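**Q** Supplied structure: final_30.csv, CSV, C-alpha atoms and all ligand atoms.
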chain,number,residue,atom,x,y,z
A,10,MET,CA,48.4,-32.2,-10.5
A,11,GLN,CA,47.7,-30.8,-14.0
A,12,LYS,CA,44.4,-32.6,-14.1
A,13,THR,CA,43.4,-30.9,-10.8
A,14,ILE,CA,44.3,-27.5,-12.2
A,15,ILE,CA,42.3,-28.1,-15.4
A,16,ASN,CA,39.3,-29.3,-13.3
A,17,THR,CA,39.5,-26.3,-11.1
A,18,ILE,CA,39.6,-23.9,-14.1
A,19,LEU,CA,36.7,-25.8,-15.7
A,20,ALA,CA,34.6,-25.7,-12.6
A,21,ALA,CA,35.3,-22.0,-12.2
A,22,ALA,CA,34.4,-21.3,-15.8
A,23,LEU,CA,31.2,-23.4,-15.4
A,24,GLY,CA,30.3,-21.6,-12.2
A,25,VAL,CA,30.7,-18.2,-13.9
A,26,ALA,CA,28.6,-19.5,-16.8
A,27,CYS,CA,25.8,-20.7,-14.5
A,28,ALA,CA,25.8,-17.6,-12.4
A,29,SER,CA,25.7,-15.3,-15.4
A,30,ALA,CA,22.8,-17.2,-17.0
A,31,ASN,CA,20.8,-16.1,-13.9
A,32,ALA,CA,22.8,-13.2,-12.7
A,33,THR,CA,20.0,-10.7,-12.6
A,34,VAL,CA,16.2,-10.7,-12.3
A,35,LYS,CA,14.6,-8.1,-14.5
A,36,VAL,CA,11.9,-6.2,-12.8
A,37,GLY,CA,9.7,-3.8,-14.9
A,38,PHE,CA,7.9,-1.0,-13.1
A,39,MET,CA,4.9,0.2,-15.0
A,40,LEU,CA,3.7,3.1,-12.8
A,41,PRO,CA,2.5,6.7,-13.0
A,42,TYR,CA,5.4,9.1,-12.7
A,43,SER,CA,3.4,12.0,-14.0
A,44,GLY,CA,-0.2,13.3,-13.4
A,45,THR,CA,-2.5,13.1,-10.4
A,46,TYR,CA,-1.1,9.7,-9.3
A,47,ALA,CA,2.6,10.6,-9.7
A,48,LYS,CA,3.4,10.6,-6.0
A,49,LEU,CA,1.7,7.2,-5.6
A,50,GLY,CA,4.0,5.6,-8.2
A,51,GLU,CA,7.0,7.1,-6.6
A,52,ALA,CA,6.0,5.8,-3.2
A,53,ILE,CA,5.5,2.3,-4.6
A,54,GLU,CA,8.9,2.2,-6.2
A,55,ASN,CA,10.5,3.6,-3.0
A,56,GLY,CA,8.9,0.8,-0.9
A,57,PHE,CA,9.9,-1.9,-3.4
A,58,LYS,CA,13.5,-0.8,-3.5
A,59,LEU,CA,13.6,-0.4,0.3
A,60,TYR,CA,12.9,-4.0,0.8
A,61,VAL,CA,15.5,-5.1,-1.8
A,62,ALA,CA,18.0,-2.8,-0.1
A,63,GLU,CA,17.2,-4.4,3.2
A,64,GLN,CA,18.2,-7.7,1.7
A,65,GLY,CA,21.6,-6.4,0.7
A,66,GLY,CA,20.4,-5.4,-2.8
A,67,LYS,CA,19.7,-8.9,-3.9
A,68,LEU,CA,16.7,-11.3,-3.8
A,69,ALA,CA,17.4,-15.0,-3.6
A,70,GLY,CA,21.0,-14.2,-4.4
A,71,GLN,CA,20.2,-12.4,-7.6
A,72,ASP,CA,20.9,-8.8,-8.5
A,73,ILE,CA,17.7,-6.9,-9.4
A,74,GLU,CA,17.8,-4.9,-12.6
A,75,TYR,CA,15.1,-2.3,-12.9
A,76,PHE,CA,13.2,-1.0,-16.0
A,77,LYS,CA,10.7,1.8,-15.8
A,78,VAL,CA,7.8,3.1,-17.9
A,79,ASP,CA,5.6,6.1,-17.0
A,80,ASP,CA,2.1,4.9,-17.7
A,81,GLU,CA,0.6,8.4,-17.1
A,82,SER,CA,-2.5,6.7,-15.7
A,83,ASP,CA,-3.7,6.6,-19.3
A,84,PRO,CA,-5.6,3.4,-20.2
A,85,SER,CA,-5.3,4.2,-23.9
A,86,LYS,CA,-1.5,3.9,-23.8
A,87,ALA,CA,-1.5,0.9,-21.4
A,88,THR,CA,-1.0,-2.0,-23.9
A,89,GLU,CA,1.8,-0.2,-25.7
A,90,ASN,CA,3.5,0.7,-22.4
A,91,ALA,CA,3.2,-2.9,-21.1
A,92,ASN,CA,4.8,-4.2,-24.2
A,93,ARG,CA,7.7,-1.9,-23.8
A,94,LEU,CA,8.5,-3.9,-20.7
A,95,ILE,CA,7.4,-7.3,-21.8
A,96,LYS,CA,8.8,-7.4,-25.4
A,97,ARG,CA,11.5,-4.7,-25.6
A,98,ASP,CA,13.0,-5.1,-22.1
A,99,GLN,CA,12.0,-8.8,-21.7
A,100,VAL,CA,11.4,-8.4,-18.0
A,101,ASP,CA,11.0,-11.4,-15.8
A,102,ILE,CA,8.5,-9.7,-13.5
A,103,LEU,CA,6.0,-6.8,-14.0
A,104,VAL,CA,5.2,-4.6,-11.1
A,105,GLY,CA,2.3,-2.2,-11.8
A,106,THR,CA,0.2,-0.2,-11.5
A,107,VAL,CA,-1.9,2.4,-9.7
A,108,HIS,CA,-4.8,3.1,-12.0
A,109,SER,CA,-7.5,0.4,-12.4
A,110,GLY,CA,-8.1,1.0,-16.1
A,111,VAL,CA,-4.4,0.8,-16.9
A,112,ALA,CA,-4.1,-2.3,-14.7
A,113,LEU,CA,-6.9,-4.1,-16.6
A,114,ALA,CA,-4.9,-3.8,-19.9
A,115,LEU,CA,-1.6,-4.6,-18.1
A,116,ALA,CA,-3.1,-7.8,-16.6
A,117,LYS,CA,-4.3,-8.9,-20.1
A,118,ALA,CA,-0.8,-8.3,-21.6
A,119,ALA,CA,0.8,-10.2,-18.7
A,120,LYS,CA,-1.5,-13.2,-19.2
A,121,GLU,CA,-1.0,-13.3,-22.9
A,122,SER,CA,2.8,-13.2,-22.6
A,123,ASP,CA,2.9,-15.6,-19.6
A,124,THR,CA,4.7,-12.9,-17.5
A,125,THR,CA,4.2,-12.8,-13.7
A,126,LEU,CA,2.5,-9.6,-12.6
A,127,ILE,CA,2.4,-8.1,-9.1
A,128,ILE,CA,-0.1,-5.3,-8.7
A,129,PRO,CA,1.0,-2.9,-6.0
A,130,ASN,CA,-2.1,-0.8,-6.0
A,131,ALA,CA,-4.8,-0.8,-8.6
A,132,GLY,CA,-7.9,-2.3,-7.1
A,133,ALA,CA,-10.0,-3.3,-10.2
A,134,ASP,CA,-12.3,-6.0,-8.8
A,135,ALA,CA,-12.4,-7.9,-12.1
A,136,ILE,CA,-8.6,-8.6,-12.0
A,137,THR,CA,-9.1,-10.9,-9.1
A,138,GLY,CA,-12.7,-11.7,-10.1
A,139,PRO,CA,-13.8,-12.9,-13.6
A,140,LEU,CA,-10.3,-12.2,-15.0
A,141,CYS,CA,-8.3,-13.9,-12.3
A,142,SER,CA,-5.4,-15.9,-13.4
A,143,LYS,CA,-2.3,-17.7,-12.1
A,144,GLU,CA,0.1,-15.1,-13.5
A,145,VAL,CA,-1.4,-12.2,-11.6
A,146,PHE,CA,-1.0,-11.3,-7.9
A,147,ARG,CA,-1.9,-8.3,-5.8
A,148,THR,CA,-0.3,-6.8,-2.7
A,149,SER,CA,-2.9,-4.1,-2.3
A,150,PHE,CA,-6.7,-4.5,-2.2
A,151,THR,CA,-9.8,-4.6,-4.3
A,152,ASN,CA,-11.8,-1.4,-4.7
A,153,TRP,CA,-14.7,-3.3,-3.0
A,154,GLN,CA,-12.8,-4.0,0.2
A,155,PRO,CA,-12.5,-0.5,1.9
A,156,GLY,CA,-15.8,0.6,0.4
A,157,TYR,CA,-17.7,-2.4,1.8
A,158,ALA,CA,-16.2,-1.9,5.2
A,159,MET,CA,-17.1,1.7,5.3
A,160,GLY,CA,-20.7,0.9,4.4
A,161,GLN,CA,-20.9,-1.1,7.6
A,162,VAL,CA,-19.3,1.7,9.7
A,163,ALA,CA,-21.8,4.2,8.2
A,164,HIS,CA,-24.6,2.0,9.4
A,165,GLU,CA,-23.1,1.6,12.9
A,166,LYS,CA,-22.9,5.4,13.1
A,167,GLY,CA,-26.6,5.5,12.6
A,168,TYR,CA,-26.6,7.1,9.2
A,169,LYS,CA,-29.7,6.2,7.1
A,170,THR,CA,-29.0,8.0,3.8
A,171,ALA,CA,-25.8,8.7,1.9
A,172,ILE,CA,-24.7,10.2,-1.4
A,173,THR,CA,-21.6,8.8,-3.1
A,174,ILE,CA,-19.3,11.0,-5.2
A,175,THR,CA,-16.3,9.8,-7.2
A,176,TRP,CA,-14.5,9.7,-10.6
A,177,ASN,CA,-16.3,7.8,-13.3
A,178,TYR,CA,-13.9,4.8,-13.8
A,179,ALA,CA,-13.5,1.3,-12.4
A,180,ALA,CA,-12.0,2.3,-9.1
A,181,GLY,CA,-14.6,5.0,-8.3
A,182,LYS,CA,-17.5,2.8,-9.4
A,183,GLU,CA,-16.3,-0.3,-7.5
A,184,ALA,CA,-15.5,1.6,-4.3
A,185,THR,CA,-18.9,3.2,-4.2
A,186,ASP,CA,-20.6,-0.1,-5.2
A,187,GLY,CA,-18.8,-1.7,-2.2
A,188,PHE,CA,-20.0,1.0,0.1
A,189,LYS,CA,-23.6,0.7,-1.2
A,190,GLU,CA,-23.5,-3.1,-0.7
A,191,GLY,CA,-22.2,-2.8,2.9
A,192,PHE,CA,-24.6,0.1,3.8
A,193,GLU,CA,-27.8,-1.2,2.1
A,194,LYS,CA,-27.4,-4.7,3.4
A,195,LEU,CA,-27.8,-3.3,6.9
A,196,GLY,CA,-30.8,-1.0,5.9
A,197,GLY,CA,-29.1,2.2,4.7
A,198,LYS,CA,-30.0,3.8,1.4
A,199,VAL,CA,-27.7,5.5,-1.1
A,200,VAL,CA,-29.9,8.2,-2.5
A,201,LYS,CA,-27.7,9.6,-5.2
A,202,ARG,CA,-24.5,8.5,-7.0
A,203,LEU,CA,-22.5,11.5,-8.3
A,204,MET,CA,-19.6,11.1,-10.8
A,205,LEU,CA,-17.2,13.2,-12.8
A,206,PRO,CA,-14.7,12.1,-15.4
A,207,PHE,CA,-11.2,11.1,-14.2
A,208,PRO,CA,-9.0,13.1,-13.4
A,209,LYS,CA,-11.3,16.2,-13.4
A,210,VAL,CA,-11.5,18.3,-10.2
A,211,GLU,CA,-14.3,20.7,-10.9
A,212,PHE,CA,-16.4,19.6,-8.0
A,213,GLN,CA,-18.5,22.8,-7.4
A,214,SER,CA,-21.8,21.9,-9.0
A,215,LEU,CA,-21.8,18.4,-7.4
A,216,LEU,CA,-21.1,19.9,-4.0
A,217,THR,CA,-24.1,22.2,-4.5
A,218,GLU,CA,-26.2,19.1,-5.3
A,219,ILE,CA,-25.0,17.4,-2.0
A,220,ALA,CA,-25.9,20.6,0.0
A,221,ALA,CA,-29.4,20.6,-1.5
A,222,GLU,CA,-30.0,16.9,-0.9
A,223,LYS,CA,-28.7,16.9,2.7
A,224,PRO,CA,-28.0,13.2,3.1
A,225,ASP,CA,-26.8,11.9,6.5
A,226,ALA,CA,-23.3,11.2,5.1
A,227,VAL,CA,-21.2,11.4,1.9
A,228,PHE,CA,-19.0,8.5,0.9
A,229,THR,CA,-16.2,9.2,-1.6
A,230,PHE,CA,-13.3,7.7,-3.5
A,231,PHE,CA,-10.6,10.1,-4.7
A,232,ALA,CA,-6.9,9.7,-4.4
A,233,GLY,CA,-3.7,11.6,-5.0
A,234,GLY,CA,-3.9,15.2,-6.2
A,235,GLY,CA,-7.7,15.0,-6.8
A,236,ALA,CA,-8.2,13.9,-3.2
A,237,VAL,CA,-6.3,17.0,-2.0
A,238,LYS,CA,-8.6,19.3,-4.0
A,239,PHE,CA,-11.8,17.5,-3.1
A,240,VAL,CA,-11.2,17.6,0.7
A,241,LYS,CA,-10.4,21.3,0.5
A,242,ASP,CA,-13.4,22.1,-1.7
A,243,TYR,CA,-15.7,20.1,0.6
A,244,ALA,CA,-14.6,22.1,3.6
A,245,ASP,CA,-14.6,25.4,1.7
A,246,ALA,CA,-18.2,24.7,0.7
A,247,GLY,CA,-19.1,24.6,4.4
A,248,LEU,CA,-20.2,20.9,4.1
A,249,GLY,CA,-17.5,19.6,6.5
A,250,LYS,CA,-19.5,21.0,9.5
A,251,THR,CA,-22.9,19.7,8.4
A,252,ILE,CA,-22.6,16.4,6.4
A,253,PRO,CA,-19.9,13.9,7.5
A,254,LEU,CA,-17.5,13.0,4.8
A,255,LEU,CA,-16.4,9.3,4.7
A,256,GLY,CA,-13.9,7.8,2.3
A,257,SER,CA,-11.8,4.9,1.2
A,258,GLY,CA,-8.6,5.7,3.0
A,259,PHE,CA,-6.9,6.9,-0.2
A,260,LEU,CA,-8.7,10.1,0.4
A,261,THR,CA,-6.3,11.0,3.1
A,262,ASP,CA,-3.2,8.9,2.5
A,263,GLY,CA,-0.1,10.6,1.4
A,264,THR,CA,-2.1,13.8,1.2
A,265,LEU,CA,-2.5,15.2,4.7
A,266,GLU,CA,0.2,17.9,4.5
A,267,ALA,CA,-1.4,19.4,1.4
A,268,GLN,CA,-5.0,19.1,2.8
A,269,GLY,CA,-4.1,20.7,6.1
A,270,ALA,CA,-7.0,21.8,8.4
A,271,ALA,CA,-9.7,20.6,5.9
A,272,ALA,CA,-8.9,17.0,6.6
A,273,GLN,CA,-9.0,17.1,10.4
A,274,GLY,CA,-11.3,14.5,11.9
A,275,LEU,CA,-12.2,12.7,8.6
A,276,LEU,CA,-13.0,9.0,9.0
A,277,THR,CA,-11.7,6.6,6.4
A,278,THR,CA,-11.3,2.8,6.0
A,279,LEU,CA,-8.1,1.2,4.6
A,280,HIS,CA,-5.8,-1.8,5.1
A,281,TYR,CA,-3.1,0.4,6.5
A,282,ALA,CA,-3.0,3.2,9.2
A,283,ASP,CA,-0.8,5.2,11.4
A,284,GLY,CA,-0.3,3.9,14.9
A,285,LEU,CA,-0.4,0.2,14.2
A,286,ASP,CA,1.4,-1.2,17.1
A,287,ASN,CA,3.4,-4.0,15.4
A,288,PRO,CA,7.2,-4.4,15.3
A,289,LYS,CA,7.3,-4.9,11.5
A,290,ASP,CA,5.6,-1.5,10.9
A,291,LYS,CA,7.9,0.3,13.4
A,292,ALA,CA,11.0,-1.1,11.6
A,293,PHE,CA,9.6,-0.4,8.2
A,294,ARG,CA,8.8,3.2,9.1
A,295,ALA,CA,12.2,3.8,10.7
A,296,ASP,CA,14.0,2.5,7.7
A,297,TYR,CA,11.7,4.3,5.2
A,298,THR,CA,12.2,7.6,7.0
A,299,LYS,CA,16.0,7.1,7.1
A,300,THR,CA,16.1,6.3,3.4
A,301,TYR,CA,13.6,8.9,2.2
A,302,PRO,CA,13.8,11.7,4.8
A,303,ASP,CA,11.5,14.0,2.9
A,304,ILE,CA,8.6,11.6,2.4
A,305,ALA,CA,6.3,10.1,5.0
A,306,PRO,CA,5.6,6.4,4.7
A,307,ASP,CA,2.1,5.7,3.4
A,308,VAL,CA,-0.1,2.9,2.1
A,309,TYR,CA,1.5,3.0,-1.4
A,310,ALA,CA,5.0,2.5,0.0
A,311,VAL,CA,3.7,-0.4,2.1
A,312,GLN,CA,2.2,-2.0,-1.0
A,313,GLY,CA,5.4,-1.6,-3.0
A,314,TYR,CA,7.4,-3.0,-0.1
A,315,ASP,CA,5.1,-6.0,0.1
A,316,ALA,CA,5.3,-6.5,-3.7
A,317,ALA,CA,9.1,-7.0,-3.2
A,318,GLN,CA,8.4,-9.4,-0.3
A,319,LEU,CA,6.1,-11.5,-2.4
A,320,LEU,CA,8.6,-11.6,-5.2
A,321,ALA,CA,11.3,-12.7,-2.7
A,322,THR,CA,9.1,-15.5,-1.5
A,323,GLY,CA,8.7,-16.7,-5.1
A,324,LEU,CA,12.4,-16.4,-6.0
A,325,ASN,CA,13.6,-18.1,-2.9
A,326,ALA,CA,11.5,-21.1,-3.8
A,327,VAL,CA,13.3,-21.4,-7.2
A,328,LYS,CA,16.7,-20.4,-5.9
A,329,GLY,CA,16.5,-17.2,-7.9
A,330,ASP,CA,15.7,-18.8,-11.2
A,331,ALA,CA,12.7,-16.7,-12.5
A,332,SER,CA,12.3,-19.0,-15.5
A,333,LYS,CA,10.8,-21.7,-13.2
A,334,LYS,CA,7.5,-19.8,-13.4
A,335,ASP,CA,5.1,-22.5,-12.1
A,336,ALA,CA,7.1,-23.2,-9.0
A,337,MET,CA,7.7,-19.5,-8.4
A,338,ARG,CA,4.0,-18.7,-8.7
A,339,GLY,CA,3.0,-21.6,-6.5
A,340,ALA,CA,5.2,-20.2,-3.7
A,341,MET,CA,3.8,-16.7,-4.2
A,342,GLN,CA,0.3,-18.0,-4.0
A,343,GLY,CA,0.9,-19.8,-0.7
A,344,ALA,CA,3.0,-16.9,0.8
A,345,THR,CA,2.4,-15.4,4.2
A,346,ILE,CA,3.5,-11.8,4.0
A,347,ASP,CA,4.8,-10.2,7.2
A,348,SER,CA,3.6,-6.8,6.2
A,349,PRO,CA,3.7,-3.4,8.0
A,350,ARG,CA,-0.1,-3.5,7.8
A,351,GLY,CA,-0.1,-6.9,9.7
A,352,THR,CA,0.4,-10.4,8.4
A,353,PHE,CA,-1.7,-11.4,5.4
A,354,LYS,CA,-2.2,-14.3,3.0
A,355,LEU,CA,-3.6,-14.2,-0.5
A,356,SER,CA,-7.0,-15.6,-1.5
A,357,LYS,CA,-7.2,-18.2,-4.3
A,358,ALA,CA,-7.7,-15.3,-6.7
A,359,GLY,CA,-4.5,-13.7,-5.5
A,360,ASN,CA,-5.8,-10.8,-3.5
A,361,PRO,CA,-4.9,-10.0,0.2
A,362,ILE,CA,-7.2,-11.3,2.9
A,363,GLN,CA,-6.7,-8.5,5.4
A,364,ASP,CA,-8.0,-6.4,8.2
A,365,ILE,CA,-9.6,-3.1,7.1
A,366,TYR,CA,-8.9,-0.4,9.7
A,367,LEU,CA,-11.1,2.5,10.7
A,368,ARG,CA,-8.9,5.6,10.8
A,369,GLU,CA,-9.4,9.2,11.9
A,370,VAL,CA,-7.3,12.1,10.7
A,371,GLN,CA,-5.5,13.6,13.6
A,372,GLY,CA,-2.9,16.2,12.7
A,373,LEU,CA,-0.7,14.6,10.0
A,374,LYS,CA,-1.8,11.1,10.9
A,375,ASN,CA,-4.4,8.6,9.7
A,376,GLN,CA,-4.7,7.3,13.3
A,377,VAL,CA,-6.1,3.8,13.7
A,378,ILE,CA,-9.2,3.9,15.9
A,379,GLY,CA,-10.5,0.4,15.3
A,380,VAL,CA,-10.9,-2.5,12.9
A,381,ALA,CA,-13.8,-1.9,10.5
A,382,ALA,CA,-13.7,-5.5,9.1
A,383,LYS,CA,-11.5,-8.3,10.3
A,384,ALA,CA,-9.7,-10.6,7.7
A,385,LEU,CA,-11.9,-9.3,4.9
A,386,ALA,CA,-11.7,-11.3,1.7
A,387,ASP,CA,-12.9,-9.9,-1.5
A,388,PRO,CA,-15.8,-12.2,-2.7
A,389,ALA,CA,-13.9,-12.7,-6.0
A,390,ARG,CA,-17.2,-13.1,-7.8
A,391,GLY,CA,-16.6,-14.8,-11.2
A,392,CYS,CA,-13.1,-16.1,-10.4
A,393,LYS,CA,-12.8,-19.7,-11.7
A,394,LEU,CA,-9.4,-20.6,-10.2
B,401,LIG,C1,-7.3,2.6,-8.8
B,401,LIG,O1,-7.4,3.1,-9.9
B,401,LIG,O2,-7.6,1.4,-8.6
B,401,LIG,C2,-6.8,3.3,-7.6
B,401,LIG,C3,-6.1,4.5,-7.8
B,401,LIG,C4,-5.6,5.2,-6.7
B,401,LIG,C5,-5.8,4.8,-5.5
B,401,LIG,C6,-6.6,3.6,-5.2
B,401,LIG,C7,-7.1,2.9,-6.3
B,401,LIG,O3,-5.3,5.4,-4.4
For this file, write the structure as structure tokens.
**A**
Amino acid sequence: MQKTIINTILAAALGVACASANATVKVGFMLPYSGTYAKLGEAIENGFKLYVAEQGGKLAGQDIEYFKVDDESDPSKATENANRLIKRDQVDILVGTVHSGVALALAKAAKESDTTLIIPNAGADAITGPLCSKEVFRTSFTNWQPGYAMGQVAHEKGYKTAITITWNYAAGKEATDGFKEGFEKLGGKVVKRLMLPFPKVEFQSLLTEIAAEKPDAVFTFFAGGGAVKFVKDYADAGLGKTIPLLGSGFLTDGTLEAQGAAAQGLLTTLHYADGLDNPKDKAFRADYTKTYPDIAPDVYAVQGYDAAQLLATGLNAVKGDASKKDAMRGAMQGATIDSPRGTFKLSKAGNPIQDIYLREVQGLKNQVIGVAAKALADPARGCKL
């Protein structure tokens, strides 16, 4: 009798000890919470937390403890900010970020410290190209993907010449490179590439150049607050009526209320859209709207939501023990994500292989009007995995 009681007490004590060793999984958000991309960071965090809440607040039976750093979309502070989460907070998983330049430094810090990183936005091609690694996964896109798809659409529309305009940093350069590749492969010609420093929004002189050059179309990458201003300035300059404006879908995602009439009818390409007729998206949107009544669900929220789904797949495979890194990463690499955008898998380099939708702005919606590129995989040039 006494032995049984002692055994019971021992078992209970051991149980508590085991549970507390793994009681929480520490997730570090490195995201922009200020500046032109602040809303994007917020949407990613919202999406991530929504998925966790849908699972009853736990993943693989573990509580999730959150740590946060505002990276300000500033590459010069990126390594220091990453180390706040890696060294000071000792997070198990990094989730970040939005800005490609910041993400390049974050990926390096993740690799060097053997920390698993899930990128819920930044599209820097190199991260799943020459710098690809087993620690780093992405639930978003490469900058090349929507740009390349739009290059094909521009050709199909019969445009022969185009000007590109963007911010002078990795995302802008790579999105417009992708457009040029898709467009020129089919016989189009990019006649001029205009750039201004990130996050500047003084577009006037560049718009004057576009008006003088009169290309068949303009392709652009801008996002967040900068995208709002660009779309309005383009319309105010009278160009909206004469030279069609095409964009990576970030141009009009999460921005439509602020852009108003200036955005109506714009065509963009992206891996998410309004009006996707799938049950997962309907459920996601209903839940998101219920949880965050003042914010419309957008591509950034979806990418955050899917980052949590990817993490859940990894944690489930190791019964919540994030220290089993290889097994966790193996499961993440092989995951099939039931995303609001449609189901996707990851390439060997860790980037989604996904449909790129053609969308048209109708009212406050980026309405899907077709598939610009089916199951598009980034070429992952230079990845040796
Ligand atoms: C990027 O820097 O990679 C980036 C930023 C904002 C977007 C998309 C890509 O909306």
**Q** Got a sec to check which residues sit within 9 Å of (-26.3, 15.5, 0.7), counting all atoms listed in the file, and write them as a ChimeraX atom specification?
**A** /A:170-172,200-201,216-227,248,252
**Q** Could you list, as a list in words, all the residues within 7 Å of ligand LIG 401 (chain B), counting only C-alpha atoms and all ligand atoms?
**A**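 Residues lying within 7 Å of ligand LIG 401 (chain B): Tyr46, Val107, His108, Ser109, Gly110, Asn130, Ala131, Gly132, Ala133, Asn152, Ala179, Ala180, Ala232, Gly233 and Phe259 of chain A.
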**Q** Would you please work out which residue, of A:Asn375, A:Gln318, A:Gln363, A:Gln213, is nearest to Gly263 (chain A) when using all atoms listed in the file?
**A** A:Asn375
**Q** For CA of Leu49 (chain A) and CA of Ile304 (chain A), determine how far apart the two atoms are, in Å to one decimal place.
**A**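 If I compute the distance from CA of Leu49 (chain A) to CA of Ile304 (chain A), I get 11.4 Å.
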**Q** Determine the nearest neighbour of Asp307 (chain A) from the options A:Arg368, A:Lys374, A:Lys77, A:Lys194, counting all atoms listed in the file.
**A**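 Between A:Arg368, A:Lys374, A:Lys77, A:Lys194, the residue approaching Asp307 (chain A) most closely is A:Lys374.
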**Q** Which residue is closest to Val162 (chain A)? Choose from A:Met204, A:Leu355, A:Ile346, A:Leu255 and count all atoms listed in the file.
**A**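 Once distances to Val162 (chain A) are computed over all atoms listed in the file, the minimum belongs to A:Leu255.
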**Q** Considering all atoms listed in the file, can you say which of A:Thr278, A:Thr251, A:Gln273, A:Gln64 comes closest to Ile378 (chain A)?
**A**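 Nearest to Ile378 (chain A): A:Thr278.
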**Q** Would you mind telling me which residue in A:Thr137, A:Thr345, A:Gln268, A:Thr88 lies nearest to Thr322 (chain A) when using all atoms listed in the file?
**A**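 Among A:Thr137, A:Thr345, A:Gln268, A:Thr88, it is A:Thr345 that comes nearest to Thr322 (chain A).
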**Q** Around (9.1, -7.9, 0.7) in the file's frame, which residues reach within 12 Å when counting all atoms listed in the file? Return as a PDB file with C-alpha atoms, in the frame of the given file?
**A**
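So the final result, stored in out09.pdb, reads:
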ATOM      1  CA  GLY A  56       8.900   0.800  -0.900  1.00  0.00           C
ATOM      2  CA  PHE A  57       9.900  -1.900  -3.400  1.00  0.00           C
ATOM      3  CA  LYS A  58      13.500  -0.800  -3.500  1.00  0.00           C
ATOM      4  CA  LEU A  59      13.600  -0.400   0.300  1.00  0.00           C
ATOM      5  CA  TYR A  60      12.900  -4.000   0.800  1.00  0.00           C
ATOM      6  CA  VAL A  61      15.500  -5.100  -1.800  1.00  0.00           C
ATOM      7  CA  ALA A  62      18.000  -2.800  -0.100  1.00  0.00           C
ATOM      8  CA  GLU A  63      17.200  -4.400   3.200  1.00  0.00           C
ATOM      9  CA  GLN A  64      18.200  -7.700   1.700  1.00  0.00           C
ATOM     10  CA  LYS A  67      19.700  -8.900  -3.900  1.00  0.00           C
ATOM     11  CA  LEU A  68      16.700 -11.300  -3.800  1.00  0.00           C
ATOM     12  CA  ALA A  69      17.400 -15.000  -3.600  1.00  0.00           C
ATOM     13  CA  ILE A 127       2.400  -8.100  -9.100  1.00  0.00           C
ATOM     14  CA  PRO A 129       1.000  -2.900  -6.000  1.00  0.00           C
ATOM     15  CA  THR A 148      -0.300  -6.800  -2.700  1.00  0.00           C
ATOM     16  CA  LYS A 289       7.300  -4.900  11.500  1.00  0.00           C
ATOM     17  CA  PHE A 293       9.600  -0.400   8.200  1.00  0.00           C
ATOM     18  CA  ALA A 310       5.000   2.500   0.000  1.00  0.00           C
ATOM     19  CA  VAL A 311       3.700  -0.400   2.100  1.00  0.00           C
ATOM     20  CA  GLN A 312       2.200  -2.000  -1.000  1.00  0.00           C
ATOM     21  CA  GLY A 313       5.400  -1.600  -3.000  1.00  0.00           C
ATOM     22  CA  TYR A 314       7.400  -3.000  -0.100  1.00  0.00           C
ATOM     23  CA  ASP A 315       5.100  -6.000   0.100  1.00  0.00           C
ATOM     24  CA  ALA A 316       5.300  -6.500  -3.700  1.00  0.00           C
ATOM     25  CA  ALA A 317       9.100  -7.000  -3.200  1.00  0.00           C
ATOM     26  CA  GLN A 318       8.400  -9.400  -0.300  1.00  0.00           C
ATOM     27  CA  LEU A 319       6.100 -11.500  -2.400  1.00  0.00           C
ATOM     28  CA  LEU A 320       8.600 -11.600  -5.200  1.00  0.00           C
ATOM     29  CA  ALA A 321      11.300 -12.700  -2.700  1.00  0.00           C
ATOM     30  CA  THR A 322       9.100 -15.500  -1.500  1.00  0.00           C
ATOM     31  CA  GLY A 323       8.700 -16.700  -5.100  1.00  0.00           C
ATOM     32  CA  LEU A 324      12.400 -16.400  -6.000  1.00  0.00           C
ATOM     33  CA  ASN A 325      13.600 -18.100  -2.900  1.00  0.00           C
ATOM     34  CA  MET A 341       3.800 -16.700  -4.200  1.00  0.00           C
ATOM     35  CA  ALA A 344       3.000 -16.900   0.800  1.00  0.00           C
ATOM     36  CA  THR A 345       2.400 -15.400   4.200  1.00  0.00           C
ATOM     37  CA  ILE A 346       3.500 -11.800   4.000  1.00  0.00           C
ATOM     38  CA  ASP A 347       4.800 -10.200   7.200  1.00  0.00           C
ATOM     39  CA  SER A 348       3.600  -6.800   6.200  1.00  0.00           C
ATOM     40  CA  PRO A 349       3.700  -3.400   8.000  1.00  0.00           C
ATOM     41  CA  THR A 352       0.400 -10.400   8.400  1.00  0.00           C
TER      42      THR A 352
END
**Q** Given the choices A:Ser257, A:Trp153, A:Thr106, A:Ala91, which gets closest to Pro41 (chain A) if the distance is worked out from all atoms listed in the file?
**A**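 Of A:Ser257, A:Trp153, A:Thr106, A:Ala91, the one nearest Pro41 (chain A), counting all atoms listed in the file, is A:Thr106.
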**Q** To one decimal place, how far is CA of Tyr366 (chain A) from CA of Ala184 (chain A) in Å?
**A**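 For CA of Tyr366 (chain A) relative to CA of Ala184 (chain A), the distance reads 15.6 Å.
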**Q** By how many Å are CA of Phe150 (chain A) and CA of Lys354 (chain A) apart?
**A**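 Between CA of Phe150 (chain A) and CA of Lys354 (chain A) the gap works out to 12.0 Å.
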**Q** Applying 12 Å and all atoms listed in the file, which residues near Lys250 (chain A) remain after dropping the ones on its own chain fewer than 4 positions away? List them as a VMD selection string.
**A** chain A and resid 220 226 243 to 246 254 271 to 275
**Q** Please identify all polymer residues within 10 Å of Ser356 (chain A), counting all atoms listed in the file, omitting same-chain residues fewer than 3 positions from it, and present them as number ranges by chain.
**A** A: 137, 146-147, 342-343, 353, 359-363, 386-389
**Q** Which region 89-203 of chain A residues have any atom within 12 Å of an atom of region 239-242 of chain A, and for each, what is the nearest pair of atoms with distance in Å to one decimal, counting only C-alpha atoms, rows sorted by chain and number, as CSV?
**A**
residue,atom,partner,partner_atom,distance
A:Ile174,CA,A:Phe239,CA,10.1
A:Thr175,CA,A:Phe239,CA,9.8
A:Trp176,CA,A:Phe239,CA,11.2
